[in-house]
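Novice: Below you will find the structure I want to go over with you.
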Amino acid sequence: MTEKNFEIVQEPIKIEEVISKVEDRNAGAINTFIGTVRELTKGKKTLYLKYDAYVPMAEKKLSQIGDEIQAKYPDAKVAITHRIGELAISDIAVVIAVSTPHRADSFDGSRYAIERIKEIVPIWKKEHWEDGEKWIGDQLEKTAYPDGKPNPEEVQK
Amino acid sequence: MTEKNFEIVQEPIKIEEVISKVEDRNAGAINTFIGTVRELTKGKKTLYLKYDAYVPMAEKKLSQIGDEIQAKYPDAKVAITHRIGELAISDIAVVIAVSTPHRADSFDGSRYAIERIKEIVPIWKKEHWEDGEKWIGDQLEKTAYPDGKPNPEEVQK
Amino acid sequence: MIRILLFAELEEVVGKREIELSDEEISVGEIREKLEKQYPDLHKIRSAMAAVNEEYAENTVLAHEGDLVAFIPPVSGG
Amino acid sequence: MIRILLFAELEEVVGKREIELSDEEISVGEIREKLEKQYPDLHKIRSAMAAVNEEYAENTVLAHEGDLVAFIPPVSGG
């Protein structure tokens, strides 16, 4: 079996292909999270994004996230594909699929995966607007670094 | 536009078709919940399921769930397709897709939808085992009615 | 005439999905009693929800000539 | 020789993704200081995470000849 459950790809992601990797006779639930490029972020209009990654480490960390989910839910199956390169508005950046026997665990696993991606997986996006461009360092959709610099407490971690 | 966002169908559900109904330039997140037929439930081996529905009311109630999600998250788009008829192990019974600008809301909306389906949408499944068959009245994956009868408090509601 | 729809186990007990009542006006609760008298095995109708014209309705709701009343056992979609 | 990888804004400041250090043994923290001295605009390397051979590493970790050390600014995948 040469199927890879944790991948960084350049081409458009086929959602059903990712989902099919987690299908299982004892799965009653599959949760899928799809991250897409949205046009407006904090009122600013994005023209397109560029994603870059430290590919081998990123695939390793995606796989680690899968292991972490299985440690919590031994019957879970997990697949994650993240795309890099230039993406237009509405393009799919990431597809996460988590199957479990019961539905609550599939939601939890999928939610966990997207949060962990934003913490530990070496992938970066650069937003391109009409009036400029910027690498985004906003793992948790909370912090923006308007001056391009996190504050001291954040550096400590 | 003849596209229906809330449907009861007889044929296999195409996941990407449901997802495409909620795509939006300002959606950054799409959560998809897929309910599949699992082989084992409480140790019992299911051979196949039969779903039946009160179709017009079921579509109306699915649509109401969409309205409830939009009341909470005005930017959300919701699509739900539920299949009825005979389903084999691993077949898809329901696909829910919820798109929102931010990811947390897509998870919440999708989770809300599946819980509400199990409360208010007139759809029933009948499990077929090697040694028998039974209509399941287990909306919330908590109660089974081994004697085919809910207890008095449940009747009151 | 009032049309009555029965689903899932209720349908199986009665042997058909649709029956008719000749009443001009009758409450949902009275329909339950009437049907259980007519079909003694239909006790599960007590725990079913009811809908009049595709909206859930309490026992006190009145159904009239031309209405469609459905009895909905605990649902199990998803 | 120790290979150093720089990503995103760090890569842009230096103008290339990969540089090399001739050290035989050097700590991650010392590499940060050395690079910031060499590239004064590279102050953001302070807030970057570091990885040695594809595993996250603290400043005290020692890199040796043949190791691959990456500096990983705040990530933003997903």
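Lettering and numbering for the structure tokens are positional, with chains as A, B, ... in the shown order, residues counted from 1 in each chain, and ligands counted from 1 in the shown order.
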With only C-alpha atoms counted and 9 Å as the cut-off, give the residues of chain A in contact with chain B, each with its shortest interatomic distance in Å and the pair that gives it, as JSON lines.
Specialist:
```
{"residue": "A:Ile15", "atom": "CA", "partner": "B:Glu16", "partner_atom": "CA", "distance": 7.2}
{"residue": "A:Glu16", "atom": "CA", "partner": "B:Glu16", "partner_atom": "CA", "distance": 7.2}
{"residue": "A:Glu23", "atom": "CA", "partner": "B:Ser90", "partner_atom": "CA", "distance": 7.3}
{"residue": "A:Asp24", "atom": "CA", "partner": "B:Ser90", "partner_atom": "CA", "distance": 6.8}
{"residue": "A:Arg25", "atom": "CA", "partner": "B:Ser90", "partner_atom": "CA", "distance": 5.5}
{"residue": "A:Asn26", "atom": "CA", "partner": "B:Arg38", "partner_atom": "CA", "distance": 4.7}
{"residue": "A:Ala27", "atom": "CA", "partner": "B:Arg38", "partner_atom": "CA", "distance": 5.5}
{"residue": "A:Gly28", "atom": "CA", "partner": "B:Thr36", "partner_atom": "CA", "distance": 4.7}
{"residue": "A:Ala29", "atom": "CA", "partner": "B:Gly35", "partner_atom": "CA", "distance": 4.7}
{"residue": "A:Ile30", "atom": "CA", "partner": "B:Ile34", "partner_atom": "CA", "distance": 5.0}
{"residue": "A:Asn31", "atom": "CA", "partner": "B:Phe33", "partner_atom": "CA", "distance": 4.7}
{"residue": "A:Thr32", "atom": "CA", "partner": "B:Thr32", "partner_atom": "CA", "distance": 4.9}
{"residue": "A:Phe33", "atom": "CA", "partner": "B:Asn31", "partner_atom": "CA", "distance": 4.7}
{"residue": "A:Ile34", "atom": "CA", "partner": "B:Ile30", "partner_atom": "CA", "distance": 5.0}
{"residue": "A:Gly35", "atom": "CA", "partner": "B:Ala29", "partner_atom": "CA", "distance": 4.7}
{"residue": "A:Thr36", "atom": "CA", "partner": "B:Gly28", "partner_atom": "CA", "distance": 4.7}
{"residue": "A:Val37", "atom": "CA", "partner": "B:Gly28", "partner_atom": "CA", "distance": 5.6}
{"residue": "A:Arg38", "atom": "CA", "partner": "B:Asn26", "partner_atom": "CA", "distance": 4.7}
{"residue": "A:Glu39", "atom": "CA", "partner": "B:Asn26", "partner_atom": "CA", "distance": 5.4}
{"residue": "A:Leu40", "atom": "CA", "partner": "B:Asn26", "partner_atom": "CA", "distance": 6.2}
{"residue": "A:Thr41", "atom": "CA", "partner": "B:Asn26", "partner_atom": "CA", "distance": 8.7}
{"residue": "A:Ile89", "atom": "CA", "partner": "B:Arg25", "partner_atom": "CA", "distance": 6.3}
{"residue": "A:Ser90", "atom": "CA", "partner": "B:Arg25", "partner_atom": "CA", "distance": 5.5}
{"residue": "A:Pro101", "atom": "CA", "partner": "B:Arg38", "partner_atom": "CA", "distance": 7.2}
{"residue": "A:His102", "atom": "CA", "partner": "B:Glu141", "partner_atom": "CA", "distance": 8.5}
{"residue": "A:Arg103", "atom": "CA", "partner": "B:Gly35", "partner_atom": "CA", "distance": 7.9}
{"residue": "A:Ala104", "atom": "CA", "partner": "B:Arg111", "partner_atom": "CA", "distance": 8.3}
{"residue": "A:Ser106", "atom": "CA", "partner": "B:Phe33", "partner_atom": "CA", "distance": 8.6}
{"residue": "A:Phe107", "atom": "CA", "partner": "B:Phe107", "partner_atom": "CA", "distance": 7.3}
{"residue": "A:Ser110", "atom": "CA", "partner": "B:Phe107", "partner_atom": "CA", "distance": 9.0}
{"residue": "A:Arg111", "atom": "CA", "partner": "B:Phe107", "partner_atom": "CA", "distance": 7.4}
{"residue": "A:Ile114", "atom": "CA", "partner": "B:Arg103", "partner_atom": "CA", "distance": 8.9}
{"residue": "A:Glu141", "atom": "CA", "partner": "B:His102", "partner_atom": "CA", "distance": 8.5}
```
Novice: Just to be explicit: take each residue in the selection above, keep C-alpha atoms, and write the result as a PDB file, in the first residue's frame.
Specialist:
```
ATOM      1  CA  ILE A  15     -11.588  15.846  -0.963  1.00  0.00           C
ATOM      2  CA  GLU A  16     -13.010  12.378  -1.606  1.00  0.00           C
ATOM      3  CA  GLU A  23     -13.119   4.722   5.590  1.00  0.00           C
ATOM      4  CA  ASP A  24     -13.599   1.751   7.854  1.00  0.00           C
ATOM      5  CA  ARG A  25     -16.279  -0.870   8.443  1.00  0.00           C
ATOM      6  CA  ASN A  26     -16.417   0.170  12.069  1.00  0.00           C
ATOM      7  CA  ALA A  27     -16.481   3.887  11.493  1.00  0.00           C
ATOM      8  CA  GLY A  28     -19.919   5.356  11.966  1.00  0.00           C
ATOM      9  CA  ALA A  29     -18.702   8.916  11.621  1.00  0.00           C
ATOM     10  CA  ILE A  30     -16.253  10.804   9.479  1.00  0.00           C
ATOM     11  CA  ASN A  31     -15.550  14.423  10.246  1.00  0.00           C
ATOM     12  CA  THR A  32     -13.868  16.437   7.544  1.00  0.00           C
ATOM     13  CA  PHE A  33     -12.429  19.879   7.979  1.00  0.00           C
ATOM     14  CA  ILE A  34     -11.648  21.838   4.839  1.00  0.00           C
ATOM     15  CA  GLY A  35      -9.663  25.033   5.104  1.00  0.00           C
ATOM     16  CA  THR A  36     -10.229  27.370   2.173  1.00  0.00           C
ATOM     17  CA  VAL A  37      -8.777  30.709   1.136  1.00  0.00           C
ATOM     18  CA  ARG A  38     -11.214  33.413   2.124  1.00  0.00           C
ATOM     19  CA  GLU A  39     -11.302  36.785   0.474  1.00  0.00           C
ATOM     20  CA  LEU A  40     -11.698  39.045   3.484  1.00  0.00           C
ATOM     21  CA  THR A  41      -9.609  38.870   6.639  1.00  0.00           C
ATOM     22  CA  ILE A  89      -9.771  32.654  -3.307  1.00  0.00           C
ATOM     23  CA  SER A  90     -11.928  29.601  -2.425  1.00  0.00           C
ATOM     24  CA  PRO A 101     -16.991   4.600  15.594  1.00  0.00           C
ATOM     25  CA  HIS A 102     -18.932   7.395  17.344  1.00  0.00           C
ATOM     26  CA  ARG A 103     -19.544  10.891  16.102  1.00  0.00           C
ATOM     27  CA  ALA A 104     -18.358  13.002  19.039  1.00  0.00           C
ATOM     28  CA  SER A 106     -14.646  12.430  15.018  1.00  0.00           C
ATOM     29  CA  PHE A 107     -15.473  16.075  15.746  1.00  0.00           C
ATOM     30  CA  SER A 110     -10.748  16.827  13.550  1.00  0.00           C
ATOM     31  CA  ARG A 111     -10.824  19.953  15.698  1.00  0.00           C
ATOM     32  CA  ILE A 114      -6.562  21.779  12.800  1.00  0.00           C
ATOM     33  CA  GLU A 141      -6.487  33.078  14.593  1.00  0.00           C
TER      34      GLU A 141
END
```
Novice: Just the residues within 7 Å of stretch 16-31 of chain C, please, counting only C-alpha atoms, with nothing from its chain fewer than 6 positions along; format it as a PyMOL selection string.
Specialist: chain C and resi 1-7+58-65
Novice: What does the file look like for those residues with N, CA and C atoms, as a PDB file, in the first residue's frame?
Specialist:
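Final output, result-v1.pdb:
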```
ATOM      1  N   MET C   1     -62.869  14.492   6.198  1.00  0.00           N
ATOM      2  CA  MET C   1     -61.898  13.408   6.321  1.00  0.00           C
ATOM      3  C   MET C   1     -60.525  13.937   6.762  1.00  0.00           C
ATOM      4  N   ILE C   2     -59.901  13.224   7.693  1.00  0.00           N
ATOM      5  CA  ILE C   2     -58.554  13.573   8.161  1.00  0.00           C
ATOM      6  C   ILE C   2     -57.635  12.404   7.816  1.00  0.00           C
ATOM      7  N   ARG C   3     -56.490  12.730   7.160  1.00  0.00           N
ATOM      8  CA  ARG C   3     -55.537  11.658   6.806  1.00  0.00           C
ATOM      9  C   ARG C   3     -54.526  11.482   7.938  1.00  0.00           C
ATOM     10  N   ILE C   4     -54.272  10.223   8.261  1.00  0.00           N
ATOM     11  CA  ILE C   4     -53.322   9.885   9.328  1.00  0.00           C
ATOM     12  C   ILE C   4     -52.142   9.140   8.708  1.00  0.00           C
ATOM     13  N   LEU C   5     -50.922   9.582   9.028  1.00  0.00           N
ATOM     14  CA  LEU C   5     -49.727   8.868   8.572  1.00  0.00           C
ATOM     15  C   LEU C   5     -49.047   8.194   9.757  1.00  0.00           C
ATOM     16  N   LEU C   6     -48.639   6.951   9.535  1.00  0.00           N
ATOM     17  CA  LEU C   6     -47.941   6.196  10.580  1.00  0.00           C
ATOM     18  C   LEU C   6     -46.600   5.741  10.019  1.00  0.00           C
ATOM     19  N   PHE C   7     -45.555   5.838  10.826  1.00  0.00           N
ATOM     20  CA  PHE C   7     -44.227   5.494  10.319  1.00  0.00           C
ATOM     21  C   PHE C   7     -43.543   4.426  11.157  1.00  0.00           C
ATOM     22  N   GLU C  58     -48.834  19.393  19.829  1.00  0.00           N
ATOM     23  CA  GLU C  58     -49.177  18.797  21.123  1.00  0.00           C
ATOM     24  C   GLU C  58     -50.536  18.102  21.028  1.00  0.00           C
ATOM     25  N   ASN C  59     -50.858  17.356  22.097  1.00  0.00           N
ATOM     26  CA  ASN C  59     -52.115  16.605  22.134  1.00  0.00           C
ATOM     27  C   ASN C  59     -53.349  17.487  22.034  1.00  0.00           C
ATOM     28  N   THR C  60     -53.219  18.734  22.494  1.00  0.00           N
ATOM     29  CA  THR C  60     -54.379  19.633  22.537  1.00  0.00           C
ATOM     30  C   THR C  60     -54.708  20.251  21.181  1.00  0.00           C
ATOM     31  N   VAL C  61     -53.793  20.135  20.239  1.00  0.00           N
ATOM     32  CA  VAL C  61     -54.029  20.761  18.924  1.00  0.00           C
ATOM     33  C   VAL C  61     -55.187  20.052  18.212  1.00  0.00           C
ATOM     34  N   LEU C  62     -56.030  20.841  17.608  1.00  0.00           N
ATOM     35  CA  LEU C  62     -57.177  20.274  16.885  1.00  0.00           C
ATOM     36  C   LEU C  62     -56.844  20.075  15.406  1.00  0.00           C
ATOM     37  N   ALA C  63     -57.202  18.901  14.913  1.00  0.00           N
ATOM     38  CA  ALA C  63     -57.074  18.644  13.481  1.00  0.00           C
ATOM     39  C   ALA C  63     -58.474  18.753  12.851  1.00  0.00           C
ATOM     40  N   HIS C  64     -58.494  19.282  11.652  1.00  0.00           N
ATOM     41  CA  HIS C  64     -59.772  19.477  10.961  1.00  0.00           C
ATOM     42  C   HIS C  64     -59.789  18.745   9.638  1.00  0.00           C
ATOM     43  N   GLU C  65     -60.979  18.560   9.155  1.00  0.00           N
ATOM     44  CA  GLU C  65     -61.231  18.068   7.804  1.00  0.00           C
ATOM     45  C   GLU C  65     -60.128  18.563   6.840  1.00  0.00           C
TER      46      GLU C  65
END
```
Novice: What lies within 12 Å of A:His128 using only C-alpha atoms, ignoring chain neighbours under 5 positions off, as number ranges by chain?
Specialist: A: 37, 39-41, 44-51, 86-89, 133-136
Novice: Tell me which protein, DNA and RNA residues are within 7 Å of C:Gly77, counting only C-alpha atoms, leaving out same-chain ones fewer than 5 positions away, and put them as a PDB file with C-alpha atoms, in the first residue's frame.
Specialist:
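As written to disk, result37.pdb reads:
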```
ATOM      1  CA  ILE B 117     -31.203  15.684  13.072  1.00  0.00           C
ATOM      2  CA  LYS B 118     -31.381  13.063  15.778  1.00  0.00           C
ATOM      3  CA  ILE B 123     -36.139   9.671   9.647  1.00  0.00           C
ATOM      4  CA  TRP B 124     -35.920   6.156  11.057  1.00  0.00           C
ATOM      5  CA  LYS B 125     -33.463   3.359  10.679  1.00  0.00           C
TER       6      LYS B 125
END
```
Novice: Considering only helix (DSSP H, G or I) as DSSP defines it on the backbone, what residues of chain A qualify? List them as a VMD selection string.
Specialist: chain A and resid 15 to 20 55 to 72 103 to 120 152 to 156
Novice: Give me a file of those residues, with N, CA and C atoms, as a tab-separated table (two decimals), in the first residue's frame.
Specialist:
```tsv
chain	number	residue	atom	x	y	z
A	15	ILE	N	-11.00	16.11	-2.29
A	15	ILE	CA	-11.59	15.85	-0.96
A	15	ILE	C	-11.90	14.36	-0.78
A	16	GLU	N	-12.55	13.76	-1.78
A	16	GLU	CA	-13.01	12.38	-1.61
A	16	GLU	C	-11.84	11.40	-1.47
A	17	GLU	N	-10.71	11.78	-2.08
A	17	GLU	CA	-9.53	10.91	-1.94
A	17	GLU	C	-9.04	10.88	-0.51
A	18	VAL	N	-9.05	12.03	0.14
A	18	VAL	CA	-8.61	12.09	1.54
A	18	VAL	C	-9.59	11.31	2.42
A	19	ILE	N	-10.87	11.52	2.17
A	19	ILE	CA	-11.89	10.84	2.97
A	19	ILE	C	-11.79	9.32	2.82
A	20	SER	N	-11.51	8.89	1.60
A	20	SER	CA	-11.49	7.44	1.36
A	20	SER	C	-10.38	6.75	2.16
A	55	VAL	N	8.88	20.73	3.84
A	55	VAL	CA	8.05	19.58	3.48
A	55	VAL	C	8.29	18.31	4.32
A	56	PRO	N	9.53	17.81	4.39
A	56	PRO	CA	9.67	16.53	5.11
A	56	PRO	C	9.26	16.64	6.58
A	57	MET	N	9.63	17.77	7.21
A	57	MET	CA	9.24	17.92	8.62
A	57	MET	C	7.74	18.13	8.75
A	58	ALA	N	7.14	18.84	7.81
A	58	ALA	CA	5.69	19.07	7.87
A	58	ALA	C	4.94	17.73	7.77
A	59	GLU	N	5.37	16.87	6.89
A	59	GLU	CA	4.69	15.56	6.77
A	59	GLU	C	4.88	14.73	8.04
A	60	LYS	N	6.06	14.84	8.61
A	60	LYS	CA	6.34	14.14	9.86
A	60	LYS	C	5.44	14.65	10.98
A	61	LYS	N	5.26	15.97	11.04
A	61	LYS	CA	4.44	16.55	12.11
A	61	LYS	C	2.95	16.26	11.88
A	62	LEU	N	2.51	16.23	10.63
A	62	LEU	CA	1.12	15.85	10.36
A	62	LEU	C	0.89	14.42	10.86
A	63	SER	N	1.87	13.57	10.57
A	63	SER	CA	1.77	12.17	10.98
A	63	SER	C	1.76	12.07	12.51
A	64	GLN	N	2.54	12.90	13.15
A	64	GLN	CA	2.55	12.94	14.62
A	64	GLN	C	1.17	13.32	15.16
A	65	ILE	N	0.53	14.28	14.52
A	65	ILE	CA	-0.82	14.69	14.94
A	65	ILE	C	-1.77	13.49	14.82
A	66	GLY	N	-1.63	12.73	13.75
A	66	GLY	CA	-2.44	11.52	13.61
A	66	GLY	C	-2.18	10.56	14.75
A	67	ASP	N	-0.92	10.41	15.14
A	67	ASP	CA	-0.60	9.52	16.27
A	67	ASP	C	-1.21	10.03	17.57
A	68	GLU	N	-1.17	11.35	17.74
A	68	GLU	CA	-1.73	11.93	18.96
A	68	GLU	C	-3.24	11.67	19.04
A	69	ILE	N	-3.91	11.77	17.91
A	69	ILE	CA	-5.36	11.51	17.90
A	69	ILE	C	-5.64	10.04	18.21
A	70	GLN	N	-4.82	9.16	17.63
A	70	GLN	CA	-5.03	7.73	17.89
A	70	GLN	C	-4.70	7.34	19.31
A	71	ALA	N	-3.79	8.09	19.95
A	71	ALA	CA	-3.49	7.82	21.35
A	71	ALA	C	-4.74	8.08	22.19
A	72	LYS	N	-5.51	9.08	21.77
A	72	LYS	CA	-6.72	9.46	22.51
A	72	LYS	C	-7.91	8.58	22.11
A	103	ARG	N	-19.73	9.59	16.73
A	103	ARG	CA	-19.54	10.89	16.10
A	103	ARG	C	-18.79	11.92	16.92
A	104	ALA	N	-19.00	11.95	18.24
A	104	ALA	CA	-18.36	13.00	19.04
A	104	ALA	C	-16.84	12.96	18.87
A	105	ASP	N	-16.28	11.76	18.84
A	105	ASP	CA	-14.83	11.63	18.73
A	105	ASP	C	-14.31	12.12	17.37
A	106	SER	N	-15.11	11.97	16.34
A	106	SER	CA	-14.65	12.43	15.02
A	106	SER	C	-14.57	13.95	15.00
A	107	PHE	N	-15.53	14.61	15.66
A	107	PHE	CA	-15.47	16.07	15.75
A	107	PHE	C	-14.26	16.50	16.56
A	108	ASP	N	-14.07	15.87	17.71
A	108	ASP	CA	-12.96	16.24	18.58
A	108	ASP	C	-11.62	16.03	17.87
A	109	GLY	N	-11.48	14.89	17.21
A	109	GLY	CA	-10.22	14.58	16.54
A	109	GLY	C	-9.91	15.57	15.44
A	110	SER	N	-10.93	15.91	14.67
A	110	SER	CA	-10.75	16.83	13.55
A	110	SER	C	-10.40	18.23	14.05
A	111	ARG	N	-11.10	18.64	15.10
A	111	ARG	CA	-10.82	19.95	15.70
A	111	ARG	C	-9.41	20.00	16.26
A	112	TYR	N	-9.04	18.92	16.92
A	112	TYR	CA	-7.69	18.84	17.47
A	112	TYR	C	-6.65	18.97	16.37
A	113	ALA	N	-6.90	18.29	15.27
A	113	ALA	CA	-5.93	18.29	14.16
A	113	ALA	C	-5.70	19.70	13.62
A	114	ILE	N	-6.77	20.46	13.39
A	114	ILE	CA	-6.56	21.78	12.80
A	114	ILE	C	-5.86	22.71	13.79
A	115	GLU	N	-6.18	22.58	15.08
A	115	GLU	CA	-5.48	23.43	16.06
A	115	GLU	C	-4.00	23.08	16.14
A	116	ARG	N	-3.71	21.79	16.11
A	116	ARG	CA	-2.32	21.36	16.18
A	116	ARG	C	-1.54	21.76	14.93
A	117	ILE	N	-2.20	21.70	13.78
A	117	ILE	CA	-1.52	22.14	12.55
A	117	ILE	C	-1.02	23.56	12.72
A	118	LYS	N	-1.87	24.38	13.33
A	118	LYS	CA	-1.51	25.79	13.49
A	118	LYS	C	-0.49	26.02	14.60
A	119	GLU	N	-0.17	24.96	15.34
A	119	GLU	CA	0.85	25.09	16.37
A	119	GLU	C	2.20	24.53	15.94
A	120	ILE	N	2.17	23.34	15.31
A	120	ILE	CA	3.45	22.62	15.19
A	120	ILE	C	3.88	22.27	13.77
A	152	PRO	N	7.18	39.96	23.80
A	152	PRO	CA	8.18	39.16	24.51
A	152	PRO	C	7.65	37.86	25.11
A	153	GLU	N	6.47	37.88	25.74
A	153	GLU	CA	6.01	36.61	26.34
A	153	GLU	C	5.91	35.51	25.29
A	154	GLU	N	5.47	35.91	24.10
A	154	GLU	CA	5.30	34.89	23.08
A	154	GLU	C	6.63	34.30	22.63
A	155	VAL	N	7.67	35.12	22.72
A	155	VAL	CA	9.00	34.64	22.31
A	155	VAL	C	9.51	33.57	23.28
A	156	GLN	N	9.12	33.72	24.55
A	156	GLN	CA	9.62	32.80	25.58
A	156	GLN	C	9.23	31.34	25.33
```
Novice: What is the atom CA of D:Leu68-atom CA of D:Ala51 distance in Å, reported with one decimal?
Specialist: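 Rounded to one decimal, the two atoms are 8.1 Å apart.
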Novice: May I have the residues of chain C within 8 Å of chain B, counting only C-alpha atoms, written as JSON, numbers by chain?
Specialist: {"C": [7, 8, 9, 44, 46, 47, 48, 54, 55, 72, 73, 74, 75, 76, 77, 78]}
Novice: When DSSP is applied to the backbone of this structure, which of chain B are assigned strand (DSSP E)? Write them out as a VMD selection string.
Specialist: chain B and resid 6 to 9 29 to 36 40 to 41 44 to 53 77 to 83 85 to 88 92 to 100 123 to 129 132 to 136
Novice: Find the distance between atom CA of A:Glu3 and atom CA of A:Tyr73 and write it in Å to one decimal.
Specialist: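 Value for the atom CA of A:Glu3-atom CA of A:Tyr73 distance: 21.8 Å.
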Novice: Tell me, in Å to one decimal, how far atom CA of C:Leu35 is from atom CA of C:Glu11.
Specialist: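 Distance reported for this atom pair: 12.1 Å.
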